[in-house]
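Listing of query_27.cif; format and content: mmCIF, C-alpha atoms.
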```cif
data_model
#
loop_
_atom_site.label_atom_id
_atom_site.label_comp_id
_atom_site.auth_asym_id
_atom_site.auth_seq_id
_atom_site.Cartn_x
_atom_site.Cartn_y
_atom_site.Cartn_z
CA MET A 19 -5.40 -87.17 0.25
CA ASN A 20 -3.87 -84.66 2.63
CA ILE A 21 -5.20 -84.71 6.15
CA PRO A 22 -5.66 -81.16 7.52
CA LYS A 23 -3.20 -80.22 10.22
CA LEU A 24 -4.69 -80.21 13.70
CA PRO A 25 -4.72 -76.66 15.11
CA LEU A 26 -2.99 -77.68 18.36
CA GLY A 27 -0.67 -74.67 18.40
CA SER A 28 -3.49 -72.14 18.00
CA MET A 29 -5.58 -73.98 20.59
CA VAL A 30 -2.75 -73.80 23.12
CA GLU A 31 -2.29 -70.10 22.40
CA LYS A 32 -6.01 -69.43 22.87
CA LEU A 33 -5.94 -71.34 26.16
CA GLU A 34 -2.98 -69.26 27.25
CA GLU A 35 -4.82 -66.03 26.38
CA TRP A 36 -7.92 -67.21 28.27
CA LEU A 37 -5.93 -68.12 31.38
CA THR A 38 -4.08 -64.81 31.31
CA LEU A 39 -7.36 -62.89 30.95
CA TYR A 40 -9.37 -64.61 33.68
CA PHE A 41 -6.68 -65.78 36.10
CA GLY A 42 -4.32 -62.81 35.97
CA PRO A 43 -4.77 -61.96 39.69
CA VAL A 44 -3.99 -65.57 40.63
CA PHE A 45 -0.77 -65.47 38.63
CA ASP A 46 0.12 -62.13 40.22
CA PHE A 47 -0.37 -63.64 43.67
CA ILE A 48 1.78 -66.66 42.82
CA HIS A 49 4.41 -64.30 41.42
CA SER A 50 4.47 -62.31 44.65
CA VAL A 51 4.67 -65.41 46.88
CA ILE A 52 7.44 -67.13 44.93
CA GLY A 53 9.35 -63.90 44.38
CA GLY A 54 9.22 -63.13 48.10
CA MET A 55 10.29 -66.68 48.93
CA VAL A 56 13.35 -66.52 46.68
CA GLU A 57 14.30 -63.08 47.95
CA GLY A 58 13.97 -64.26 51.54
CA ILE A 59 16.20 -67.31 50.98
CA GLU A 60 18.76 -65.23 49.11
CA ALA A 61 18.78 -62.63 51.88
CA ALA A 62 19.33 -65.35 54.49
CA LEU A 63 22.27 -66.71 52.48
CA THR A 64 23.89 -63.33 51.90
CA VAL A 65 23.15 -61.36 55.09
CA LEU A 66 26.31 -62.74 56.71
CA PRO A 67 29.83 -62.54 55.27
CA ALA A 68 30.71 -65.32 52.86
CA LEU A 69 33.29 -66.83 55.23
CA VAL A 70 30.74 -67.11 58.04
CA VAL A 71 28.21 -68.82 55.75
CA ILE A 72 30.92 -71.19 54.51
CA LEU A 73 31.79 -72.16 58.08
CA LEU A 74 28.11 -72.69 58.94
CA ILE A 75 27.57 -74.91 55.90
CA THR A 76 30.77 -76.78 56.70
CA ALA A 77 29.51 -77.40 60.25
CA LEU A 78 26.20 -78.66 58.84
CA ALA A 79 28.07 -80.94 56.44
CA TYR A 80 30.14 -82.35 59.33
CA TRP A 81 27.00 -82.97 61.39
CA ILE A 82 25.32 -84.80 58.51
CA GLY A 83 28.21 -86.47 56.71
CA LYS A 84 31.27 -86.26 58.97
CA TRP A 85 34.69 -84.90 58.01
CA ARG A 86 34.91 -85.91 54.34
CA LEU A 87 31.76 -84.06 53.37
CA ALA A 88 32.77 -81.15 55.62
CA LEU A 89 36.19 -80.95 53.95
CA PHE A 90 34.63 -80.97 50.50
CA ALA A 91 32.15 -78.27 51.53
CA LEU A 92 34.92 -76.08 52.93
CA ILE A 93 37.24 -76.41 49.92
CA GLY A 94 34.45 -76.20 47.35
CA LEU A 95 32.77 -73.14 48.82
CA LEU A 96 36.10 -71.36 49.36
CA LEU A 97 36.88 -72.04 45.69
CA ILE A 98 33.56 -70.51 44.64
CA ASP A 99 34.29 -67.43 46.74
CA ASN A 100 37.82 -67.19 45.33
CA LEU A 101 36.48 -67.26 41.78
CA GLY A 102 34.26 -64.28 42.57
CA LEU A 103 31.07 -66.30 42.10
CA TRP A 104 29.77 -66.33 45.68
CA GLY A 105 26.91 -63.88 45.08
CA PRO A 106 25.69 -65.53 41.87
CA SER A 107 26.04 -68.97 43.47
CA MET A 108 23.81 -67.92 46.36
CA GLN A 109 21.27 -66.56 43.88
CA SER A 110 21.24 -69.92 42.10
CA LEU A 111 21.05 -71.78 45.41
CA ALA A 112 18.07 -69.65 46.47
CA LEU A 113 16.29 -70.50 43.20
CA VAL A 114 17.04 -74.21 43.61
CA LEU A 115 15.93 -74.32 47.26
CA ALA A 116 12.70 -72.45 46.54
CA ALA A 117 11.86 -74.70 43.59
CA SER A 118 12.77 -77.86 45.53
CA VAL A 119 10.75 -76.93 48.62
CA LEU A 120 7.67 -76.09 46.55
CA ALA A 121 8.09 -79.24 44.45
CA VAL A 122 8.27 -81.39 47.59
CA LEU A 123 5.28 -79.65 49.21
CA ILE A 124 3.24 -80.30 46.07
CA GLY A 125 4.74 -83.64 45.03
CA VAL A 126 4.59 -85.62 48.28
CA PRO A 127 0.80 -85.20 48.78
CA ILE A 128 0.21 -86.08 45.12
CA GLY A 129 2.40 -89.17 45.54
CA ILE A 130 0.41 -90.18 48.62
CA LEU A 131 -2.81 -89.73 46.63
CA CYS A 132 -1.43 -91.95 43.85
CA ALA A 133 -0.49 -94.64 46.39
CA GLN A 134 -3.97 -94.63 47.93
CA SER A 135 -6.07 -94.30 44.78
CA GLY A 136 -5.67 -96.42 41.66
CA LYS A 137 -7.84 -94.03 39.64
CA ALA A 138 -5.69 -91.04 40.60
CA ARG A 139 -2.56 -93.03 39.75
CA ASN A 140 -3.91 -93.95 36.31
CA ILE A 141 -4.65 -90.27 35.59
CA ILE A 142 -1.47 -88.76 37.02
CA THR A 143 1.07 -91.27 35.66
CA PRO A 144 0.58 -90.29 31.96
CA VAL A 145 0.85 -86.63 32.98
CA LEU A 146 4.17 -87.37 34.67
CA ASP A 147 5.35 -89.20 31.55
CA PHE A 148 4.48 -86.11 29.51
CA MET A 149 6.26 -83.79 31.95
CA GLN A 150 9.44 -85.88 31.95
CA THR A 151 9.66 -86.30 28.17
CA MET A 152 8.78 -82.74 27.15
CA PRO A 153 11.97 -80.72 26.44
CA ALA A 154 12.79 -78.46 29.38
CA PHE A 155 13.01 -75.39 27.14
CA VAL A 156 9.30 -75.69 26.31
CA TYR A 157 8.38 -74.98 29.94
CA LEU A 158 9.95 -71.54 29.64
CA LEU A 159 7.32 -70.33 27.18
CA PRO A 160 4.16 -70.53 29.35
CA ALA A 161 6.17 -69.53 32.42
CA VAL A 162 7.23 -66.30 30.71
CA SER A 163 3.71 -65.70 29.35
CA PHE A 164 2.11 -65.96 32.79
CA PHE A 165 4.87 -64.56 35.02
CA SER A 166 6.97 -62.29 32.76
CA LEU A 167 10.79 -62.44 32.82
CA GLY A 168 12.92 -62.98 35.92
CA VAL A 169 13.46 -65.54 38.63
CA VAL A 170 9.79 -66.49 39.19
CA PRO A 171 9.22 -68.14 35.79
CA GLY A 172 12.54 -69.91 36.33
CA VAL A 173 11.25 -71.35 39.60
CA ILE A 174 7.94 -72.35 37.99
CA ALA A 175 9.70 -74.10 35.11
CA SER A 176 12.04 -75.83 37.57
CA ILE A 177 9.08 -77.11 39.62
CA ILE A 178 7.34 -78.55 36.56
CA PHE A 179 10.56 -80.15 35.32
CA ALA A 180 11.72 -81.50 38.70
CA ILE A 181 8.54 -82.62 40.49
CA PRO A 182 7.92 -86.04 38.81
CA PRO A 183 10.61 -88.00 40.77
CA THR A 184 9.14 -86.90 44.12
CA ILE A 185 5.64 -87.97 43.05
CA ARG A 186 6.76 -91.27 41.54
CA LEU A 187 9.02 -92.37 44.40
CA THR A 188 6.56 -91.28 47.11
CA ASN A 189 3.95 -93.41 45.40
CA LEU A 190 6.40 -96.30 45.00
CA GLY A 191 7.69 -96.13 48.57
CA ILE A 192 4.22 -96.26 50.13
CA ARG A 193 3.01 -99.05 47.83
CA GLN A 194 6.07 -101.15 48.73
CA VAL A 195 5.20 -101.19 52.43
CA SER A 196 4.52 -104.79 53.43
CA GLU A 197 0.84 -105.72 53.21
CA GLU A 198 1.26 -107.74 56.43
CA LEU A 199 2.26 -104.60 58.31
CA VAL A 200 -0.68 -102.68 56.87
CA GLU A 201 -3.07 -105.50 57.83
CA ALA A 202 -1.61 -105.58 61.33
CA ALA A 203 -2.18 -101.83 61.67
CA ASP A 204 -5.77 -102.28 60.53
CA ALA A 205 -6.22 -105.14 62.98
CA PHE A 206 -5.13 -102.90 65.86
CA GLY A 207 -7.70 -100.28 64.86
CA SER A 208 -5.39 -97.67 63.34
CA THR A 209 -7.06 -94.80 61.57
CA PRO A 210 -6.00 -94.03 57.97
CA ASN A 211 -3.97 -91.03 59.18
CA GLN A 212 -2.25 -93.07 61.90
CA LYS A 213 -1.44 -95.80 59.40
CA LEU A 214 -0.04 -93.23 56.95
CA PHE A 215 2.05 -91.11 59.32
CA LYS A 216 3.16 -93.77 61.80
CA LEU A 217 3.69 -96.74 59.49
CA GLN A 218 3.77 -96.09 55.76
CA LEU A 219 5.64 -92.78 55.58
CA PRO A 220 8.42 -93.78 58.04
CA ILE A 221 9.06 -97.04 56.19
CA ALA A 222 8.88 -95.34 52.79
CA MET A 223 11.09 -92.41 53.83
CA PRO A 224 14.34 -93.70 52.23
CA THR A 225 12.56 -94.05 48.88
CA ILE A 226 10.87 -90.66 49.28
CA MET A 227 14.21 -89.06 50.09
CA ALA A 228 15.67 -90.56 46.92
CA GLY A 229 12.92 -88.82 44.98
CA ILE A 230 13.56 -85.54 46.79
CA ASN A 231 17.27 -85.89 46.00
CA GLN A 232 16.50 -86.28 42.30
CA THR A 233 14.13 -83.30 42.43
CA ILE A 234 16.90 -81.12 43.87
CA MET A 235 19.34 -82.27 41.19
CA LEU A 236 16.84 -81.60 38.40
CA SER A 237 16.09 -78.16 39.85
CA LEU A 238 19.78 -77.38 39.79
CA SER A 239 20.02 -78.55 36.19
CA MET A 240 17.44 -75.88 35.29
CA VAL A 241 19.66 -73.07 36.60
CA VAL A 242 21.38 -72.51 33.25
CA ILE A 243 18.16 -72.86 31.25
CA SER A 244 16.35 -70.41 33.55
CA SER A 245 19.03 -67.81 32.86
CA MET A 246 17.65 -67.53 29.32
CA ILE A 247 14.50 -65.89 30.71
CA GLY A 248 16.18 -63.48 33.09
CA ALA A 249 16.92 -65.60 36.17
CA GLN A 250 20.16 -64.38 37.70
CA GLY A 251 22.89 -66.53 39.22
CA VAL A 252 25.69 -68.75 38.00
CA GLY A 253 23.54 -69.91 35.09
CA ALA A 254 23.66 -66.39 33.64
CA TYR A 255 27.47 -66.58 33.69
CA VAL A 256 27.41 -69.93 31.88
CA TYR A 257 24.94 -68.66 29.30
CA ARG A 258 26.96 -65.50 28.73
CA ALA A 259 30.18 -67.50 28.39
CA VAL A 260 28.59 -69.81 25.82
CA SER A 261 27.16 -66.94 23.78
CA GLN A 262 30.52 -65.13 23.82
CA ALA A 263 32.66 -68.29 23.39
CA LYS A 264 34.58 -67.66 26.63
CA THR A 265 35.71 -71.15 27.58
CA GLY A 266 37.56 -70.16 30.76
CA ALA A 267 34.68 -68.17 32.23
CA GLY A 268 32.25 -70.92 31.32
CA PHE A 269 34.44 -73.54 33.01
CA GLU A 270 34.62 -71.49 36.22
CA ALA A 271 30.87 -70.98 36.36
CA GLY A 272 30.23 -74.62 35.50
CA LEU A 273 32.60 -75.69 38.27
CA ALA A 274 30.61 -73.63 40.78
CA ILE A 275 27.43 -75.43 39.70
CA VAL A 276 29.18 -78.80 40.05
CA VAL A 277 30.28 -77.97 43.61
CA LEU A 278 26.75 -76.96 44.58
CA ALA A 279 25.31 -80.07 42.93
CA ILE A 280 27.65 -82.49 44.71
CA LEU A 281 27.18 -80.74 48.03
CA LEU A 282 23.37 -80.79 47.81
CA ASP A 283 23.43 -84.40 46.63
CA ARG A 284 25.59 -85.60 49.53
CA LEU A 285 23.68 -83.60 52.12
CA THR A 286 20.32 -85.03 51.07
CA GLN A 287 21.71 -88.57 50.76
CA ASN A 288 23.10 -88.47 54.30
CA ALA A 289 20.21 -86.60 55.93
CA LEU A 290 18.37 -89.74 57.03
CA LYS A 291 21.45 -91.20 58.75
CA ILE A 292 21.08 -88.68 61.59
CA LYS A 293 18.08 -90.64 62.92
CA HIS A 294 20.19 -93.75 63.39
CA LYS A 295 23.06 -92.13 65.27
#
```

What would the structure in this file look like if it were written as C-alpha cells?
Amino acid sequence: MNIPKLPLGSMVEKLEEWLTLYFGPVFDFIHSVIGGMVEGIEAALTVLPALVVILLITALAYWIGKWRLALFALIGLLLIDNLGLWGPSMQSLALVLAASVLAVLIGVPIGILCAQSGKARNIITPVLDFMQTMPAFVYLLPAVSFFSLGVVPGVIASIIFAIPPTIRLTNLGIRQVSEELVEAADAFGSTPNQKLFKLQLPIAMPTIMAGINQTIMLSLSMVVISSMIGAQGVGAYVYRAVSQAKTGAGFEAGLAIVVLAILLDRLTQNALKIKHK
C-alpha cells in the first residue's frame, strides 16, 4: 500500500504567496531599511581613500589587540588593496556588518527570553535546531521571493543562518550565572531589570561575545552563497571564478575573505579585554 505523498511543497508555496499578497508593504519596508543600512555602512567604508581606512583599522586593531593584530591588519588590508579587491571587500564587509548587527539585535533579546522562560526555551530550541541543520542554500529561495535579487535577500539569509549561536550562547551564559549571586541580588531587593543588566549580563558577557563572534563568522561564510542571488562583493568574484574555472582569480578572492574573517575574529575575541586594561 502506497502512502500518498504529503503536499508540503505546495503548502509552503501557498504560504509564500499568501505572505507576499498580504504583507507586501512590510517586506518593502524591511527592504528599504536593510538596503539603506548596507548602503550607509558601505559609504562609510569607502568615503575615505583606501590607505586612510587601512590606517584607521590598523589603529583600532592596535588598540584592541596590540601590535601583532595591528601588523596583521596592515599587511592583510594592504594585500587586499594590492589585489584590486578593496571595493568588493568593503561591499562584503558592509553586508557582514549589517547582518551581524541585526542578528545580535534580534538574537540577544531572544536569548534573554529563553534564559528567563522555560516555555519559550522549549519552543525556540527546536526552531534553532531546524535553522542550523537546514542547508544554507534553501534560505535563498524565500529571501528572493520576498525581497527580489540583490544585497537585501543576502542579508536576510545571512541573519537566518547566523543568528542561532547568539541566541544559544546568550541563553547559556545567563543560565550559568551562579544561583547564589542571583539569590543575593533578590535578597537585596533588586528589580528584574537591575538583576539582568547589573548582574547576569555582565557575568555572561564572555559567553555572549563568543556567540556574537560565531554569528559574525557565519555571516561571512554566507558572502559567497549570497553572490548567487545578486549580492555584490568578493563572493561574486569567487562565484565567477568557480563558474569559469579560474583558479588564480578564485584564490585571490578567497584570500581576501580569509583576511577579513581572521581580522573580524580577532577583533571580536579581544574586544572584552579593553575593560580590564

Quiz prompt | Best match for closeness to Arg186 of chain A among A:Gly229, A:Pro144, A:Gly168, A:Pro67, counting all atoms listed in the file | solution =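 Comparing A:Gly229, A:Pro144, A:Gly168, A:Pro67 against Arg186 of chain A, the winner is A:Gly229.
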
Quiz item: So how far away is atom CA of Asn211 of chain A from atom CA of Asn189 of chain A, in Å?
Solution: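 We find that atom CA of Asn189 of chain A and atom CA of Asn211 of chain A lie 16.1 Å from each other.
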
Practice problem: Go through A:Leu282, A:Cys132, A:Ala274, A:Leu167 and flag the residue nearest Ile93 of chain A, using all atoms listed in the file for the distances. | Solution: A:Ala274

Practice problem: Scan for residues within 12 Å of the point (29.1, -79.3, 39.0) in the coordinates of the file, using all atoms listed in the file, and reply as a ChimeraX atom specification. | Solution: /A:94,98,107,235,238-239,241-242,252-253,256,268-283

Quiz item: So what do you get for atom CA of Ile247 of chain A versus atom CA of Phe165 of chain A, distance-wise?
Solution: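 Computed distance, atom CA of Ile247 of chain A to atom CA of Phe165 of chain A, equals 10.6 Å.
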
Exercise. Could you give me, as a PyMOL selection string, the residues that sit within 10 Å of (12.4, -73.7, 37.6) in the file's coordinates, counting all atoms listed in the file?
Key: chain A and resi 113-114+116-118+121+154+157-158+161+169-180+236-241+243-244+249

Quick one: which segment 150-219 of chain A residues come within 10 Å of segment 31-40 of chain A, and what is the nearest atom pair for each with the distance in Å to one decimal, counting all atoms listed in the file, rows ordered by chain and ascending number, as a Markdown table?
```
| residue | atom | partner | partner_atom | distance |
| --- | --- | --- | --- | --- |
| A:Pro160 | CA | A:Glu34 | CA | 7.5 |
| A:Ser163 | CA | A:Glu34 | CA | 7.9 |
| A:Phe164 | CA | A:Thr38 | CA | 6.5 |
| A:Phe165 | CA | A:Thr38 | CA | 9.7 |
```

Practice problem: Mind checking which residues fall within 6 Å of segment 192-207 of chain A, counting all atoms listed in the file, ignoring those fewer than 6 positions away in the same chain, and posting them as number ranges by chain? | Solution: A: 133, 218, 222

Hey, could you pull the box centre and edge lengths for segment 157-162 of chain A, axis-aligned, 5 Å padding per side, all listed atoms, to one decimal in Å, as AutoDock Vina command-line options?
```
--center_x 7.1 --center_y -70.6 --center_z 29.8 --size_x 15.8 --size_y 18.7 --size_z 15.2
```

Practice problem: Output the residue selection produced by the PyMOL selection byres ((chain A and resi 78) around 12) on the file above, formatted as an MDAnalysis selection string. | Solution: chainID A and resid 71:77 79:85 87:89 91:92 281:282 284:286 288:289 292

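Our summary of the geometry notes that atom CA of Gly54 of chain A is positioned 14.9 Å from atom CA of Leu111 of chain A.
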
For the file shown, what are the residues hit by the PyMOL selection byres ((chain A and resi 55) around 10), laid out as an mmCIF file with C-alpha atoms, in the coordinates of the input?
```
data_model
loop_
_atom_site.group_PDB
_atom_site.id
_atom_site.type_symbol
_atom_site.label_atom_id
_atom_site.label_comp_id
_atom_site.auth_asym_id
_atom_site.auth_seq_id
_atom_site.Cartn_x
_atom_site.Cartn_y
_atom_site.Cartn_z
ATOM 1 C CA HIS A 49 4.410 -64.300 41.420
ATOM 2 C CA SER A 50 4.470 -62.310 44.650
ATOM 3 C CA VAL A 51 4.670 -65.410 46.880
ATOM 4 C CA ILE A 52 7.440 -67.130 44.930
ATOM 5 C CA GLY A 53 9.350 -63.900 44.380
ATOM 6 C CA GLY A 54 9.220 -63.130 48.100
ATOM 7 C CA VAL A 56 13.350 -66.520 46.680
ATOM 8 C CA GLU A 57 14.300 -63.080 47.950
ATOM 9 C CA GLY A 58 13.970 -64.260 51.540
ATOM 10 C CA ILE A 59 16.200 -67.310 50.980
ATOM 11 C CA GLU A 60 18.760 -65.230 49.110
ATOM 12 C CA ALA A 61 18.780 -62.630 51.880
ATOM 13 C CA ALA A 112 18.070 -69.650 46.470
ATOM 14 C CA LEU A 113 16.290 -70.500 43.200
ATOM 15 C CA LEU A 115 15.930 -74.320 47.260
ATOM 16 C CA ALA A 116 12.700 -72.450 46.540
ATOM 17 C CA ALA A 117 11.860 -74.700 43.590
ATOM 18 C CA VAL A 170 9.790 -66.490 39.190
#
```

Limit the output to all heavy atoms and give segment 168-180 of chain A as a PDB file, in the first residue's frame.
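Produced file decode.pdb, reproduced below:
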```
ATOM      1  N   GLY A 168      19.514  40.838  -5.113  1.00  0.00           N
ATOM      2  CA  GLY A 168      20.358  41.917  -4.611  1.00  0.00           C
ATOM      3  C   GLY A 168      20.922  41.622  -3.240  1.00  0.00           C
ATOM      4  O   GLY A 168      20.923  40.488  -2.759  1.00  0.00           O
ATOM      5  N   VAL A 169      21.376  42.679  -2.593  1.00  0.00           N
ATOM      6  CA  VAL A 169      22.067  42.523  -1.315  1.00  0.00           C
ATOM      7  C   VAL A 169      21.102  42.257  -0.164  1.00  0.00           C
ATOM      8  O   VAL A 169      21.456  41.569   0.802  1.00  0.00           O
ATOM      9  CB  VAL A 169      22.925  43.773  -1.028  1.00  0.00           C
ATOM     10  CG1 VAL A 169      22.042  44.974  -0.738  1.00  0.00           C
ATOM     11  CG2 VAL A 169      23.876  43.529   0.132  1.00  0.00           C
ATOM     12  N   VAL A 170      19.874  42.761  -0.231  1.00  0.00           N
ATOM     13  CA  VAL A 170      18.922  42.615   0.884  1.00  0.00           C
ATOM     14  C   VAL A 170      18.572  41.152   1.153  1.00  0.00           C
ATOM     15  O   VAL A 170      18.637  40.709   2.306  1.00  0.00           O
ATOM     16  CB  VAL A 170      17.662  43.463   0.638  1.00  0.00           C
ATOM     17  CG1 VAL A 170      16.616  43.177   1.724  1.00  0.00           C
ATOM     18  CG2 VAL A 170      18.013  44.939   0.625  1.00  0.00           C
ATOM     19  N   PRO A 171      18.198  40.364   0.154  1.00  0.00           N
ATOM     20  CA  PRO A 171      17.955  38.943   0.454  1.00  0.00           C
ATOM     21  C   PRO A 171      19.198  38.237   0.967  1.00  0.00           C
ATOM     22  O   PRO A 171      19.097  37.286   1.752  1.00  0.00           O
ATOM     23  CB  PRO A 171      17.490  38.364  -0.885  1.00  0.00           C
ATOM     24  CG  PRO A 171      17.937  39.330  -1.915  1.00  0.00           C
ATOM     25  CD  PRO A 171      17.905  40.665  -1.263  1.00  0.00           C
ATOM     26  N   GLY A 172      20.389  38.689   0.528  1.00  0.00           N
ATOM     27  CA  GLY A 172      21.617  38.121   1.065  1.00  0.00           C
ATOM     28  C   GLY A 172      21.764  38.386   2.546  1.00  0.00           C
ATOM     29  O   GLY A 172      22.167  37.507   3.319  1.00  0.00           O
ATOM     30  N   VAL A 173      21.416  39.606   2.971  1.00  0.00           N
ATOM     31  CA  VAL A 173      21.470  39.943   4.395  1.00  0.00           C
ATOM     32  C   VAL A 173      20.438  39.128   5.173  1.00  0.00           C
ATOM     33  O   VAL A 173      20.734  38.600   6.258  1.00  0.00           O
ATOM     34  CB  VAL A 173      21.234  41.456   4.603  1.00  0.00           C
ATOM     35  CG1 VAL A 173      21.106  41.782   6.086  1.00  0.00           C
ATOM     36  CG2 VAL A 173      22.375  42.261   3.990  1.00  0.00           C
ATOM     37  N   ILE A 174      19.221  39.015   4.648  1.00  0.00           N
ATOM     38  CA  ILE A 174      18.174  38.251   5.318  1.00  0.00           C
ATOM     39  C   ILE A 174      18.598  36.796   5.488  1.00  0.00           C
ATOM     40  O   ILE A 174      18.464  36.209   6.583  1.00  0.00           O
ATOM     41  CB  ILE A 174      16.855  38.325   4.526  1.00  0.00           C
ATOM     42  CG1 ILE A 174      16.339  39.769   4.467  1.00  0.00           C
ATOM     43  CG2 ILE A 174      15.813  37.407   5.148  1.00  0.00           C
ATOM     44  CD1 ILE A 174      15.919  40.338   5.794  1.00  0.00           C
ATOM     45  N   ALA A 175      19.109  36.195   4.425  1.00  0.00           N
ATOM     46  CA  ALA A 175      19.559  34.801   4.509  1.00  0.00           C
ATOM     47  C   ALA A 175      20.706  34.656   5.501  1.00  0.00           C
ATOM     48  O   ALA A 175      20.779  33.664   6.240  1.00  0.00           O
ATOM     49  CB  ALA A 175      19.990  34.305   3.126  1.00  0.00           C
ATOM     50  N   SER A 176      21.595  35.637   5.537  1.00  0.00           N
ATOM     51  CA  SER A 176      22.722  35.598   6.477  1.00  0.00           C
ATOM     52  C   SER A 176      22.231  35.674   7.919  1.00  0.00           C
ATOM     53  O   SER A 176      22.750  34.983   8.806  1.00  0.00           O
ATOM     54  CB  SER A 176      23.689  36.749   6.188  1.00  0.00           C
ATOM     55  OG  SER A 176      24.252  36.635   4.898  1.00  0.00           O
ATOM     56  N   ILE A 177      21.222  36.521   8.175  1.00  0.00           N
ATOM     57  CA  ILE A 177      20.677  36.641   9.528  1.00  0.00           C
ATOM     58  C   ILE A 177      20.080  35.316   9.987  1.00  0.00           C
ATOM     59  O   ILE A 177      20.350  34.836  11.098  1.00  0.00           O
ATOM     60  CB  ILE A 177      19.617  37.757   9.582  1.00  0.00           C
ATOM     61  CG1 ILE A 177      20.268  39.128   9.365  1.00  0.00           C
ATOM     62  CG2 ILE A 177      18.880  37.733  10.921  1.00  0.00           C
ATOM     63  CD1 ILE A 177      19.267  40.251   9.217  1.00  0.00           C
ATOM     64  N   ILE A 178      19.271  34.701   9.136  1.00  0.00           N
ATOM     65  CA  ILE A 178      18.635  33.434   9.493  1.00  0.00           C
ATOM     66  C   ILE A 178      19.685  32.357   9.749  1.00  0.00           C
ATOM     67  O   ILE A 178      19.584  31.565  10.706  1.00  0.00           O
ATOM     68  CB  ILE A 178      17.662  32.984   8.387  1.00  0.00           C
ATOM     69  CG1 ILE A 178      16.544  34.020   8.209  1.00  0.00           C
ATOM     70  CG2 ILE A 178      17.068  31.620   8.701  1.00  0.00           C
ATOM     71  CD1 ILE A 178      15.650  33.748   7.018  1.00  0.00           C
ATOM     72  N   PHE A 179      20.708  32.328   8.917  1.00  0.00           N
ATOM     73  CA  PHE A 179      21.744  31.301   9.021  1.00  0.00           C
ATOM     74  C   PHE A 179      22.650  31.528  10.224  1.00  0.00           C
ATOM     75  O   PHE A 179      23.125  30.570  10.851  1.00  0.00           O
ATOM     76  CB  PHE A 179      22.569  31.294   7.728  1.00  0.00           C
ATOM     77  CG  PHE A 179      23.652  30.260   7.699  1.00  0.00           C
ATOM     78  CD1 PHE A 179      23.342  28.908   7.637  1.00  0.00           C
ATOM     79  CD2 PHE A 179      24.984  30.634   7.718  1.00  0.00           C
ATOM     80  CE1 PHE A 179      24.349  27.950   7.609  1.00  0.00           C
ATOM     81  CE2 PHE A 179      25.996  29.676   7.681  1.00  0.00           C
ATOM     82  CZ  PHE A 179      25.675  28.342   7.627  1.00  0.00           C
ATOM     83  N   ALA A 180      22.896  32.805  10.583  1.00  0.00           N
ATOM     84  CA  ALA A 180      23.930  33.124  11.574  1.00  0.00           C
ATOM     85  C   ALA A 180      23.399  33.441  12.965  1.00  0.00           C
ATOM     86  O   ALA A 180      24.194  33.523  13.908  1.00  0.00           O
ATOM     87  CB  ALA A 180      24.755  34.313  11.068  1.00  0.00           C
TER      88      ALA A 180
END
```
